[in-house]
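Accompanying notes for the structure given below.
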Amino acid sequence: MPGLLRGVARTAVVAGTATAVSNRVSRRQQGRWAAQQEQEYAAPPPPPAAAPPPPPAGSDMTSKIDQLKQLGELRDQGVLTDSEFEEQKRRILQA
């Protein structure tokens, strides 16, 4: 009988220790998650991206010319075919 009581007592101690450790771990995790949620909700949302300023009146044609020059260089290097070059040039000039 003493061996049986010793086994039951040991089991009770182990179970009680395991329960206490499990509860402590759960409380710590809940505390960490709560802190993370507070940080997420406390941070202000990022401001919306500002629209780029409109280009000066003369720069529209300048940018188109620069783009056409780049296209010409790509065609000369063999990166673009003649048909691709014509298609891109048409798009740039229509914009």
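Chain labels run A, B, ... following the order of the structure tokens; each chain numbers its residues from 1, and ligands are numbered from 1 in the order shown.
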Handout entry: Test item: residues at most 12 Å from Lys89 of chain A, only C-alpha atoms, excluding those fewer than 5 positions along its chain, as an NGL selection string
Key = :A and (64-72 or 75 or 80 or 82-84 or 94-95)
Would you mind exporting the chosen residues as a PDB file, in the first residue's frame, restricted to N, CA and C atoms?
ATOM      1  N   LYS A  64       9.108  62.957 -73.942  1.00  0.00           N
ATOM      2  CA  LYS A  64       8.775  62.105 -75.093  1.00  0.00           C
ATOM      3  C   LYS A  64       9.993  61.935 -75.996  1.00  0.00           C
ATOM      4  N   ILE A  65      10.716  63.006 -76.199  1.00  0.00           N
ATOM      5  CA  ILE A  65      11.915  62.935 -77.043  1.00  0.00           C
ATOM      6  C   ILE A  65      12.954  62.020 -76.401  1.00  0.00           C
ATOM      7  N   ASP A  66      13.117  62.129 -75.070  1.00  0.00           N
ATOM      8  CA  ASP A  66      14.071  61.267 -74.369  1.00  0.00           C
ATOM      9  C   ASP A  66      13.667  59.797 -74.496  1.00  0.00           C
ATOM     10  N   GLN A  67      12.367  59.534 -74.369  1.00  0.00           N
ATOM     11  CA  GLN A  67      11.886  58.157 -74.501  1.00  0.00           C
ATOM     12  C   GLN A  67      12.119  57.631 -75.912  1.00  0.00           C
ATOM     13  N   LEU A  68      11.884  58.467 -76.902  1.00  0.00           N
ATOM     14  CA  LEU A  68      12.110  58.044 -78.286  1.00  0.00           C
ATOM     15  C   LEU A  68      13.592  57.776 -78.541  1.00  0.00           C
ATOM     16  N   LYS A  69      14.466  58.581 -77.942  1.00  0.00           N
ATOM     17  CA  LYS A  69      15.901  58.346 -78.088  1.00  0.00           C
ATOM     18  C   LYS A  69      16.289  56.997 -77.475  1.00  0.00           C
ATOM     19  N   GLN A  70      15.737  56.716 -76.307  1.00  0.00           N
ATOM     20  CA  GLN A  70      16.038  55.444 -75.656  1.00  0.00           C
ATOM     21  C   GLN A  70      15.540  54.278 -76.504  1.00  0.00           C
ATOM     22  N   LEU A  71      14.336  54.431 -77.076  1.00  0.00           N
ATOM     23  CA  LEU A  71      13.805  53.378 -77.947  1.00  0.00           C
ATOM     24  C   LEU A  71      14.716  53.173 -79.154  1.00  0.00           C
ATOM     25  N   GLY A  72      15.174  54.266 -79.744  1.00  0.00           N
ATOM     26  CA  GLY A  72      16.066  54.162 -80.892  1.00  0.00           C
ATOM     27  C   GLY A  72      17.353  53.429 -80.535  1.00  0.00           C
ATOM     28  N   ARG A  75      16.615  49.757 -80.258  1.00  0.00           N
ATOM     29  CA  ARG A  75      16.466  49.173 -81.589  1.00  0.00           C
ATOM     30  C   ARG A  75      17.836  48.990 -82.230  1.00  0.00           C
ATOM     31  N   LEU A  80      15.124  45.625 -79.510  1.00  0.00           N
ATOM     32  CA  LEU A  80      13.776  45.758 -80.071  1.00  0.00           C
ATOM     33  C   LEU A  80      13.815  45.509 -81.574  1.00  0.00           C
ATOM     34  N   ASP A  82      12.032  46.151 -85.356  1.00  0.00           N
ATOM     35  CA  ASP A  82      11.466  47.356 -85.964  1.00  0.00           C
ATOM     36  C   ASP A  82       9.985  47.494 -85.648  1.00  0.00           C
ATOM     37  N   SER A  83       9.251  46.375 -85.659  1.00  0.00           N
ATOM     38  CA  SER A  83       7.810  46.455 -85.368  1.00  0.00           C
ATOM     39  C   SER A  83       7.567  46.831 -83.913  1.00  0.00           C
ATOM     40  N   GLU A  84       8.373  46.315 -83.002  1.00  0.00           N
ATOM     41  CA  GLU A  84       8.237  46.688 -81.591  1.00  0.00           C
ATOM     42  C   GLU A  84       8.575  48.158 -81.401  1.00  0.00           C
ATOM     43  N   GLN A  94       1.151  59.102 -78.801  1.00  0.00           N
ATOM     44  CA  GLN A  94      -0.282  59.253 -78.519  1.00  0.00           C
ATOM     45  C   GLN A  94      -0.521  59.731 -77.101  1.00  0.00           C
ATOM     46  N   ALA A  95       0.388  59.466 -76.219  1.00  0.00           N
ATOM     47  CA  ALA A  95       0.184  59.824 -74.806  1.00  0.00           C
ATOM     48  C   ALA A  95       0.204  61.334 -74.615  1.00  0.00           C
TER      49      ALA A  95
END
